[in-house]
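The data block below is entry.cif; it holds mmCIF, N, CA and C atoms.
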```cif
data_work
loop_
_atom_site.label_atom_id
_atom_site.label_comp_id
_atom_site.auth_asym_id
_atom_site.auth_seq_id
_atom_site.Cartn_x
_atom_site.Cartn_y
_atom_site.Cartn_z
N MET A 106 0.84 -1.18 0.00
CA MET A 106 0.00 0.00 0.00
C MET A 106 0.89 1.24 0.00
N ALA A 107 0.58 2.16 -0.86
CA ALA A 107 1.37 3.39 -0.96
C ALA A 107 1.10 4.28 0.26
N LYS A 108 2.13 4.91 0.74
CA LYS A 108 2.01 5.78 1.89
C LYS A 108 1.40 7.11 1.44
N LEU A 109 0.36 7.58 2.16
CA LEU A 109 -0.30 8.84 1.83
C LEU A 109 0.41 9.99 2.53
N SER A 110 0.51 11.10 1.84
CA SER A 110 1.11 12.29 2.44
C SER A 110 0.07 12.94 3.35
N GLN A 111 0.53 13.84 4.17
CA GLN A 111 -0.35 14.55 5.08
C GLN A 111 -1.41 15.34 4.30
N GLU A 112 -1.01 15.92 3.17
CA GLU A 112 -1.95 16.67 2.34
C GLU A 112 -3.03 15.76 1.76
N ASP A 113 -2.63 14.54 1.34
CA ASP A 113 -3.60 13.59 0.81
C ASP A 113 -4.61 13.18 1.88
N LEU A 114 -4.13 12.94 3.09
CA LEU A 114 -5.02 12.58 4.19
C LEU A 114 -5.99 13.72 4.50
N LEU A 115 -5.48 14.94 4.56
CA LEU A 115 -6.35 16.08 4.84
C LEU A 115 -7.40 16.26 3.74
N ALA A 116 -7.02 16.01 2.50
CA ALA A 116 -7.98 16.11 1.40
C ALA A 116 -9.09 15.07 1.57
N GLN A 117 -8.73 13.88 2.02
CA GLN A 117 -9.74 12.84 2.26
C GLN A 117 -10.67 13.24 3.40
N PHE A 118 -10.10 13.80 4.48
CA PHE A 118 -10.92 14.20 5.62
C PHE A 118 -11.85 15.36 5.26
N GLU A 119 -11.42 16.23 4.35
CA GLU A 119 -12.26 17.36 3.93
C GLU A 119 -13.55 16.88 3.28
N GLU A 120 -13.49 15.76 2.62
CA GLU A 120 -14.65 15.23 1.91
C GLU A 120 -15.63 14.50 2.82
N MET A 121 -15.22 14.21 4.06
CA MET A 121 -16.06 13.47 4.99
C MET A 121 -17.06 14.39 5.69
N THR A 122 -18.20 13.80 6.06
CA THR A 122 -19.16 14.52 6.89
C THR A 122 -18.68 14.45 8.33
N LEU A 123 -19.29 15.24 9.20
CA LEU A 123 -18.90 15.22 10.61
C LEU A 123 -19.13 13.85 11.22
N ILE A 124 -20.20 13.20 10.85
CA ILE A 124 -20.51 11.87 11.39
C ILE A 124 -19.44 10.87 10.94
N GLU A 125 -19.08 10.90 9.66
CA GLU A 125 -18.06 9.98 9.15
C GLU A 125 -16.72 10.23 9.83
N LEU A 126 -16.38 11.49 10.03
CA LEU A 126 -15.12 11.83 10.68
C LEU A 126 -15.13 11.38 12.14
N SER A 127 -16.26 11.56 12.80
CA SER A 127 -16.39 11.10 14.19
C SER A 127 -16.22 9.59 14.29
N GLU A 128 -16.83 8.86 13.36
CA GLU A 128 -16.70 7.40 13.34
C GLU A 128 -15.25 6.99 13.07
N PHE A 129 -14.56 7.73 12.20
CA PHE A 129 -13.16 7.44 11.92
C PHE A 129 -12.31 7.63 13.18
N VAL A 130 -12.55 8.73 13.90
CA VAL A 130 -11.79 9.01 15.11
C VAL A 130 -11.99 7.90 16.13
N LYS A 131 -13.24 7.44 16.29
CA LYS A 131 -13.52 6.35 17.23
C LYS A 131 -12.77 5.08 16.82
N ALA A 132 -12.80 4.76 15.53
CA ALA A 132 -12.11 3.57 15.04
C ALA A 132 -10.60 3.71 15.24
N PHE A 133 -10.04 4.90 15.01
CA PHE A 133 -8.62 5.16 15.21
C PHE A 133 -8.25 4.97 16.67
N GLU A 134 -9.08 5.52 17.57
CA GLU A 134 -8.83 5.38 19.00
C GLU A 134 -8.84 3.92 19.42
N ASP A 135 -9.80 3.16 18.91
CA ASP A 135 -9.89 1.73 19.24
C ASP A 135 -8.69 0.96 18.70
N LYS A 136 -8.33 1.21 17.46
CA LYS A 136 -7.25 0.47 16.80
C LYS A 136 -5.91 0.69 17.50
N PHE A 137 -5.61 1.94 17.86
CA PHE A 137 -4.30 2.27 18.42
C PHE A 137 -4.32 2.51 19.93
N ASP A 138 -5.49 2.28 20.56
CA ASP A 138 -5.64 2.41 22.00
C ASP A 138 -5.15 3.77 22.50
N VAL A 139 -5.67 4.83 21.85
CA VAL A 139 -5.33 6.20 22.22
C VAL A 139 -6.61 7.00 22.39
N THR A 140 -6.49 8.21 22.92
CA THR A 140 -7.62 9.09 23.06
C THR A 140 -7.31 10.40 22.36
N ALA A 141 -8.18 10.83 21.46
CA ALA A 141 -8.00 12.08 20.74
C ALA A 141 -8.77 13.17 21.46
N ALA A 142 -8.24 13.62 22.60
CA ALA A 142 -8.90 14.66 23.39
C ALA A 142 -8.29 16.01 23.05
N ALA A 143 -9.15 17.02 22.92
CA ALA A 143 -8.67 18.37 22.65
C ALA A 143 -7.99 18.91 23.90
N ALA A 144 -6.96 19.69 23.70
CA ALA A 144 -6.26 20.29 24.84
C ALA A 144 -7.17 21.31 25.50
N ALA A 145 -7.37 21.16 26.80
CA ALA A 145 -8.24 22.07 27.53
C ALA A 145 -7.44 23.28 27.99
N PRO A 146 -8.05 24.47 27.92
CA PRO A 146 -7.35 25.65 28.39
C PRO A 146 -7.16 25.58 29.91
N VAL A 147 -6.02 26.07 30.38
CA VAL A 147 -5.73 26.05 31.80
C VAL A 147 -6.30 27.32 32.42
N VAL A 148 -7.10 27.14 33.47
CA VAL A 148 -7.70 28.27 34.15
C VAL A 148 -7.00 28.42 35.49
N VAL A 149 -6.43 29.60 35.73
CA VAL A 149 -5.71 29.85 36.96
C VAL A 149 -6.45 30.94 37.73
N ALA A 150 -6.81 30.61 38.98
CA ALA A 150 -7.44 31.60 39.85
C ALA A 150 -6.33 32.31 40.60
N GLY A 151 -6.06 33.54 40.22
CA GLY A 151 -4.94 34.26 40.81
C GLY A 151 -5.35 35.11 41.99
N GLY A 152 -4.50 35.08 43.05
CA GLY A 152 -4.72 35.95 44.20
C GLY A 152 -5.81 35.50 45.14
N VAL A 153 -6.30 34.31 45.06
CA VAL A 153 -7.37 33.85 45.94
C VAL A 153 -6.76 32.87 46.95
N ALA A 154 -6.81 33.26 48.20
CA ALA A 154 -6.28 32.38 49.25
C ALA A 154 -7.44 31.84 50.06
N GLY A 155 -7.38 30.56 50.41
CA GLY A 155 -8.43 29.97 51.25
C GLY A 155 -9.64 29.51 50.48
N GLY A 156 -9.56 29.33 49.18
CA GLY A 156 -10.68 28.80 48.40
C GLY A 156 -11.74 29.86 48.16
N GLY A 157 -12.98 29.39 47.91
CA GLY A 157 -14.08 30.31 47.66
C GLY A 157 -14.30 30.59 46.19
N ALA A 158 -13.28 30.50 45.37
CA ALA A 158 -13.44 30.74 43.93
C ALA A 158 -13.03 29.47 43.19
N GLU A 159 -13.99 28.80 42.61
CA GLU A 159 -13.70 27.59 41.86
C GLU A 159 -13.68 27.91 40.37
N ALA A 160 -12.79 27.26 39.65
CA ALA A 160 -12.70 27.47 38.20
C ALA A 160 -13.95 26.88 37.55
N VAL A 161 -14.55 27.64 36.67
CA VAL A 161 -15.74 27.18 35.96
C VAL A 161 -15.29 26.39 34.75
N GLU A 162 -15.75 25.15 34.65
CA GLU A 162 -15.36 24.30 33.53
C GLU A 162 -16.16 24.70 32.29
N GLU A 163 -15.44 24.95 31.21
CA GLU A 163 -16.08 25.36 29.97
C GLU A 163 -16.65 24.13 29.27
N LYS A 164 -17.88 24.24 28.81
CA LYS A 164 -18.54 23.14 28.12
C LYS A 164 -17.89 22.94 26.75
N ASP A 165 -17.57 21.67 26.42
CA ASP A 165 -16.90 21.41 25.15
C ASP A 165 -17.69 20.48 24.23
N GLU A 166 -18.87 20.04 24.67
CA GLU A 166 -19.72 19.23 23.82
C GLU A 166 -21.11 19.86 23.75
N PHE A 167 -21.61 20.00 22.55
CA PHE A 167 -22.89 20.67 22.36
C PHE A 167 -23.82 19.80 21.52
N ASP A 168 -25.12 19.99 21.75
CA ASP A 168 -26.15 19.34 20.94
C ASP A 168 -26.85 20.41 20.12
N VAL A 169 -27.05 20.14 18.84
CA VAL A 169 -27.77 21.05 17.96
C VAL A 169 -29.16 20.48 17.80
N ILE A 170 -30.17 21.22 18.28
CA ILE A 170 -31.54 20.73 18.29
C ILE A 170 -32.39 21.56 17.35
N LEU A 171 -33.04 20.88 16.41
CA LEU A 171 -33.95 21.52 15.47
C LEU A 171 -35.29 21.70 16.18
N THR A 172 -35.72 22.95 16.36
CA THR A 172 -36.97 23.20 17.07
C THR A 172 -38.12 23.55 16.13
N GLY A 173 -37.83 23.86 14.87
CA GLY A 173 -38.87 24.16 13.91
C GLY A 173 -38.31 24.23 12.50
N ALA A 174 -39.11 23.79 11.53
CA ALA A 174 -38.63 23.74 10.15
C ALA A 174 -38.82 25.06 9.41
N GLY A 175 -39.76 25.89 9.87
CA GLY A 175 -39.99 27.16 9.19
C GLY A 175 -40.74 26.96 7.88
N ASP A 176 -40.69 27.96 7.01
CA ASP A 176 -41.43 27.96 5.76
C ASP A 176 -40.75 27.15 4.66
N LYS A 177 -39.43 27.01 4.74
CA LYS A 177 -38.66 26.34 3.69
C LYS A 177 -38.24 24.94 4.13
N LYS A 178 -39.22 24.09 4.33
CA LYS A 178 -38.98 22.75 4.87
C LYS A 178 -38.04 21.92 3.99
N ILE A 179 -38.17 22.03 2.70
CA ILE A 179 -37.33 21.26 1.78
C ILE A 179 -35.87 21.68 1.92
N GLN A 180 -35.62 22.98 2.03
CA GLN A 180 -34.25 23.47 2.22
C GLN A 180 -33.67 22.96 3.54
N VAL A 181 -34.50 22.95 4.58
CA VAL A 181 -34.04 22.46 5.89
C VAL A 181 -33.69 20.98 5.80
N ILE A 182 -34.50 20.19 5.10
CA ILE A 182 -34.23 18.76 4.93
C ILE A 182 -32.89 18.57 4.22
N LYS A 183 -32.63 19.39 3.19
CA LYS A 183 -31.36 19.30 2.47
C LYS A 183 -30.18 19.57 3.39
N VAL A 184 -30.29 20.60 4.23
CA VAL A 184 -29.20 20.94 5.14
C VAL A 184 -29.01 19.83 6.17
N VAL A 185 -30.10 19.28 6.69
CA VAL A 185 -30.01 18.17 7.65
C VAL A 185 -29.28 16.99 7.02
N ARG A 186 -29.59 16.70 5.75
CA ARG A 186 -28.91 15.60 5.06
C ARG A 186 -27.42 15.87 4.92
N GLU A 187 -27.05 17.12 4.62
CA GLU A 187 -25.63 17.47 4.49
C GLU A 187 -24.90 17.33 5.82
N LEU A 188 -25.55 17.73 6.90
CA LEU A 188 -24.91 17.71 8.21
C LEU A 188 -24.80 16.30 8.79
N THR A 189 -25.76 15.44 8.48
CA THR A 189 -25.82 14.15 9.14
C THR A 189 -25.56 12.96 8.24
N SER A 190 -25.57 13.14 6.95
CA SER A 190 -25.49 12.06 5.96
C SER A 190 -26.63 11.05 6.11
N LEU A 191 -27.79 11.53 6.58
CA LEU A 191 -28.98 10.69 6.63
C LEU A 191 -29.59 10.58 5.24
N GLY A 192 -30.39 9.56 5.03
CA GLY A 192 -31.13 9.43 3.79
C GLY A 192 -32.27 10.43 3.75
N LEU A 193 -32.92 10.53 2.61
CA LEU A 193 -34.01 11.49 2.44
C LEU A 193 -35.15 11.24 3.42
N LYS A 194 -35.58 10.00 3.55
CA LYS A 194 -36.70 9.68 4.43
C LYS A 194 -36.35 9.97 5.89
N GLU A 195 -35.15 9.59 6.31
CA GLU A 195 -34.74 9.81 7.70
C GLU A 195 -34.64 11.30 8.01
N ALA A 196 -34.08 12.07 7.07
CA ALA A 196 -33.97 13.51 7.27
C ALA A 196 -35.35 14.16 7.33
N LYS A 197 -36.26 13.72 6.46
CA LYS A 197 -37.62 14.26 6.46
C LYS A 197 -38.32 13.92 7.78
N ASP A 198 -38.16 12.68 8.26
CA ASP A 198 -38.76 12.28 9.53
C ASP A 198 -38.21 13.12 10.69
N LEU A 199 -36.91 13.40 10.66
CA LEU A 199 -36.30 14.22 11.69
C LEU A 199 -36.90 15.62 11.68
N VAL A 200 -37.02 16.21 10.50
CA VAL A 200 -37.57 17.57 10.37
C VAL A 200 -39.04 17.59 10.76
N ASP A 201 -39.79 16.57 10.38
CA ASP A 201 -41.21 16.50 10.71
C ASP A 201 -41.45 16.31 12.21
N GLY A 202 -40.51 15.65 12.89
CA GLY A 202 -40.69 15.33 14.29
C GLY A 202 -40.04 16.31 15.25
N THR A 203 -39.91 17.56 14.86
CA THR A 203 -39.25 18.54 15.73
C THR A 203 -40.01 18.71 17.02
N PRO A 204 -39.38 19.01 18.11
CA PRO A 204 -37.94 19.23 18.29
C PRO A 204 -37.17 17.92 18.36
N LYS A 205 -36.09 17.86 17.61
CA LYS A 205 -35.23 16.67 17.57
C LYS A 205 -33.77 17.13 17.47
N PRO A 206 -32.86 16.35 18.06
CA PRO A 206 -31.43 16.68 17.90
C PRO A 206 -30.94 16.33 16.50
N VAL A 207 -30.22 17.23 15.88
CA VAL A 207 -29.62 16.99 14.57
C VAL A 207 -28.20 16.45 14.76
N LEU A 208 -27.44 17.10 15.61
CA LEU A 208 -26.08 16.66 15.95
C LEU A 208 -25.97 16.60 17.47
N GLU A 209 -25.26 15.60 17.98
CA GLU A 209 -25.08 15.46 19.41
C GLU A 209 -23.59 15.38 19.74
N LYS A 210 -23.24 16.01 20.85
CA LYS A 210 -21.87 15.97 21.39
C LYS A 210 -20.82 16.38 20.36
N VAL A 211 -21.05 17.54 19.74
CA VAL A 211 -20.07 18.08 18.79
C VAL A 211 -19.39 19.28 19.44
N ASN A 212 -18.26 19.70 18.88
CA ASN A 212 -17.55 20.85 19.46
C ASN A 212 -18.28 22.15 19.13
N LYS A 213 -17.87 23.22 19.77
CA LYS A 213 -18.53 24.52 19.64
C LYS A 213 -18.53 25.01 18.19
N GLU A 214 -17.40 24.85 17.51
CA GLU A 214 -17.29 25.31 16.12
C GLU A 214 -18.27 24.58 15.21
N ALA A 215 -18.35 23.26 15.34
CA ALA A 215 -19.27 22.47 14.52
C ALA A 215 -20.72 22.82 14.84
N ALA A 216 -21.02 23.04 16.11
CA ALA A 216 -22.37 23.39 16.52
C ALA A 216 -22.77 24.75 15.94
N ASP A 217 -21.84 25.71 15.98
CA ASP A 217 -22.13 27.04 15.43
C ASP A 217 -22.34 26.99 13.92
N LYS A 218 -21.51 26.21 13.22
CA LYS A 218 -21.66 26.08 11.77
C LYS A 218 -22.98 25.42 11.41
N ALA A 219 -23.36 24.38 12.15
CA ALA A 219 -24.63 23.69 11.89
C ALA A 219 -25.80 24.63 12.16
N LYS A 220 -25.73 25.38 13.25
CA LYS A 220 -26.81 26.32 13.58
C LYS A 220 -26.94 27.37 12.48
N GLU A 221 -25.82 27.90 12.04
CA GLU A 221 -25.83 28.92 10.99
C GLU A 221 -26.42 28.37 9.69
N ALA A 222 -26.05 27.15 9.32
CA ALA A 222 -26.56 26.54 8.09
C ALA A 222 -28.06 26.29 8.18
N LEU A 223 -28.50 25.76 9.31
CA LEU A 223 -29.93 25.48 9.48
C LEU A 223 -30.75 26.77 9.53
N GLU A 224 -30.27 27.77 10.22
CA GLU A 224 -30.99 29.03 10.27
C GLU A 224 -31.00 29.72 8.91
N GLY A 225 -29.93 29.54 8.14
CA GLY A 225 -29.88 30.08 6.79
C GLY A 225 -30.92 29.45 5.89
N ALA A 226 -31.30 28.20 6.20
CA ALA A 226 -32.33 27.51 5.42
C ALA A 226 -33.73 27.82 5.93
N GLY A 227 -33.82 28.59 7.04
CA GLY A 227 -35.12 28.99 7.55
C GLY A 227 -35.60 28.22 8.76
N ALA A 228 -34.75 27.41 9.37
CA ALA A 228 -35.14 26.59 10.52
C ALA A 228 -34.91 27.34 11.83
N ALA A 229 -35.63 26.90 12.85
CA ALA A 229 -35.39 27.39 14.20
C ALA A 229 -34.52 26.36 14.88
N VAL A 230 -33.41 26.84 15.47
CA VAL A 230 -32.39 25.93 16.02
C VAL A 230 -32.01 26.38 17.42
N GLU A 231 -31.69 25.39 18.26
CA GLU A 231 -31.23 25.66 19.61
C GLU A 231 -29.96 24.85 19.85
N VAL A 232 -28.96 25.46 20.48
CA VAL A 232 -27.72 24.77 20.80
C VAL A 232 -27.65 24.63 22.32
N LYS A 233 -27.50 23.40 22.77
CA LYS A 233 -27.42 23.14 24.23
C LYS A 233 -26.11 22.50 24.54
#
```

As structure tokens, how would this structure be written, given the file I've shared?
Amino acid sequence: MAKLSQEDLLAQFEEMTLIELSEFVKAFEDKFDVTAAAAAPVVVAGGVAGGGAEAVEEKDEFDVILTGAGDKKIQVIKVVRELTSLGLKEAKDLVDGTPKPVLEKVNKEAADKAKEALEGAGAAVEVK
């Protein structure tokens, strides 16, 4: 098997949906017995003696919930299919059965992009 360059691998990952990429990461973690955890920012409470101030943990996993399809239901179904790689019937059922989660446990950037895409198609979206 020919060895792929880093650019070739990145090009392949660019073509994947978030779900496919997530499944790949899980398979990679299982195969090599590693964890692909994002580096967490270090929070330092300066000048506080004797406790009383606890560091607030920043949420790093978000759920994108479709709360309404709006007037452009077909456009919303198309965006749901792009985000999830669901089939037409499954995406339509998801849109018809609102409120339903479209993406679960994704990072902030992916959640914001999904929310922007769905709202651009006319849907009502909530990120939790």

Exercise for the section: I would like the residues chosen by the PyMOL selection byres ((chain A and resi 174-186) around 6) on the shown file; could you give them as a list in words? Expected result: Thr172, Gly173, Glu187, Leu188, Thr189, Ser190, Leu191, Ala196, Lys197, Ala226, Gly227, Ala228 and Ala229 of chain A

Exercise for the section: One decimal, Å: what's the distance from atom CA of A:Ile170 over to atom CA of A:Lys233, could you say? Expected result: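 Interatomic distance here is 7.6 Å.
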
Exercise for the section: List every residue of chain A that DSSP, applied to the backbone of this structure, assigns to strand (DSSP E or B), and report them as a list in words. Expected result: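 Here is the list: Phe167, Asp168, Val169, Ile170, Leu171, Thr172, Gly173, Lys205, Pro206, Val207, Leu208, Glu209, Lys210, Val211, Ala229, Val230, Glu231 and Val232 of chain A.
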
Can you write out the residues you just picked, keeping N, CA and C atoms, as a PDB file, in the coordinates of the input?
```pdb
ATOM      1  N   PHE A 167     -21.610  20.000  22.550  1.00  0.00           N
ATOM      2  CA  PHE A 167     -22.890  20.670  22.360  1.00  0.00           C
ATOM      3  C   PHE A 167     -23.820  19.800  21.520  1.00  0.00           C
ATOM      4  N   ASP A 168     -25.120  19.990  21.750  1.00  0.00           N
ATOM      5  CA  ASP A 168     -26.150  19.340  20.940  1.00  0.00           C
ATOM      6  C   ASP A 168     -26.850  20.410  20.120  1.00  0.00           C
ATOM      7  N   VAL A 169     -27.050  20.140  18.840  1.00  0.00           N
ATOM      8  CA  VAL A 169     -27.770  21.050  17.960  1.00  0.00           C
ATOM      9  C   VAL A 169     -29.160  20.480  17.800  1.00  0.00           C
ATOM     10  N   ILE A 170     -30.170  21.220  18.280  1.00  0.00           N
ATOM     11  CA  ILE A 170     -31.540  20.730  18.290  1.00  0.00           C
ATOM     12  C   ILE A 170     -32.390  21.560  17.350  1.00  0.00           C
ATOM     13  N   LEU A 171     -33.040  20.880  16.410  1.00  0.00           N
ATOM     14  CA  LEU A 171     -33.950  21.520  15.470  1.00  0.00           C
ATOM     15  C   LEU A 171     -35.290  21.700  16.180  1.00  0.00           C
ATOM     16  N   THR A 172     -35.720  22.950  16.360  1.00  0.00           N
ATOM     17  CA  THR A 172     -36.970  23.200  17.070  1.00  0.00           C
ATOM     18  C   THR A 172     -38.120  23.550  16.130  1.00  0.00           C
ATOM     19  N   GLY A 173     -37.830  23.860  14.870  1.00  0.00           N
ATOM     20  CA  GLY A 173     -38.870  24.160  13.910  1.00  0.00           C
ATOM     21  C   GLY A 173     -38.310  24.230  12.500  1.00  0.00           C
ATOM     22  N   LYS A 205     -36.090  17.860  17.610  1.00  0.00           N
ATOM     23  CA  LYS A 205     -35.230  16.670  17.570  1.00  0.00           C
ATOM     24  C   LYS A 205     -33.770  17.130  17.470  1.00  0.00           C
ATOM     25  N   PRO A 206     -32.860  16.350  18.060  1.00  0.00           N
ATOM     26  CA  PRO A 206     -31.430  16.680  17.900  1.00  0.00           C
ATOM     27  C   PRO A 206     -30.940  16.330  16.500  1.00  0.00           C
ATOM     28  N   VAL A 207     -30.220  17.230  15.880  1.00  0.00           N
ATOM     29  CA  VAL A 207     -29.620  16.990  14.570  1.00  0.00           C
ATOM     30  C   VAL A 207     -28.200  16.450  14.760  1.00  0.00           C
ATOM     31  N   LEU A 208     -27.440  17.100  15.610  1.00  0.00           N
ATOM     32  CA  LEU A 208     -26.080  16.660  15.950  1.00  0.00           C
ATOM     33  C   LEU A 208     -25.970  16.600  17.470  1.00  0.00           C
ATOM     34  N   GLU A 209     -25.260  15.600  17.980  1.00  0.00           N
ATOM     35  CA  GLU A 209     -25.080  15.460  19.410  1.00  0.00           C
ATOM     36  C   GLU A 209     -23.590  15.380  19.740  1.00  0.00           C
ATOM     37  N   LYS A 210     -23.240  16.010  20.850  1.00  0.00           N
ATOM     38  CA  LYS A 210     -21.870  15.970  21.390  1.00  0.00           C
ATOM     39  C   LYS A 210     -20.820  16.380  20.360  1.00  0.00           C
ATOM     40  N   VAL A 211     -21.050  17.540  19.740  1.00  0.00           N
ATOM     41  CA  VAL A 211     -20.070  18.080  18.790  1.00  0.00           C
ATOM     42  C   VAL A 211     -19.390  19.280  19.440  1.00  0.00           C
ATOM     43  N   ALA A 229     -35.630  26.900  12.850  1.00  0.00           N
ATOM     44  CA  ALA A 229     -35.390  27.390  14.200  1.00  0.00           C
ATOM     45  C   ALA A 229     -34.520  26.360  14.880  1.00  0.00           C
ATOM     46  N   VAL A 230     -33.410  26.840  15.470  1.00  0.00           N
ATOM     47  CA  VAL A 230     -32.390  25.930  16.020  1.00  0.00           C
ATOM     48  C   VAL A 230     -32.010  26.380  17.420  1.00  0.00           C
ATOM     49  N   GLU A 231     -31.690  25.390  18.260  1.00  0.00           N
ATOM     50  CA  GLU A 231     -31.230  25.660  19.610  1.00  0.00           C
ATOM     51  C   GLU A 231     -29.960  24.850  19.850  1.00  0.00           C
ATOM     52  N   VAL A 232     -28.960  25.460  20.480  1.00  0.00           N
ATOM     53  CA  VAL A 232     -27.720  24.770  20.800  1.00  0.00           C
ATOM     54  C   VAL A 232     -27.650  24.630  22.320  1.00  0.00           C
TER      55      VAL A 232
END
```

Problem - atom CA of A:Leu114 to atom N of A:Ala219, distance in Å rounded to a single decimal - result: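 Computing the Euclidean distance for atom CA of A:Leu114 and atom N of A:Ala219 yields 23.2 Å.
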
Problem - Separation of atom C of A:Pro206 from atom C of A:Leu115, in Å and rounded to one decimal - result: 26.8 Å

Exercise for the section: Please provide as a list in words all residues within 6 Å of stretch 210-214 of chain A, with the sequence filter that same-chain residues fewer than 2 positions apart are discarded (counting all atoms listed in the file). Expected result: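 Answer for this query is Asp165, Glu166, Phe167, Asp168, Val169, Leu208, Ala216, Asp217, Lys218 and Ala219 of chain A.
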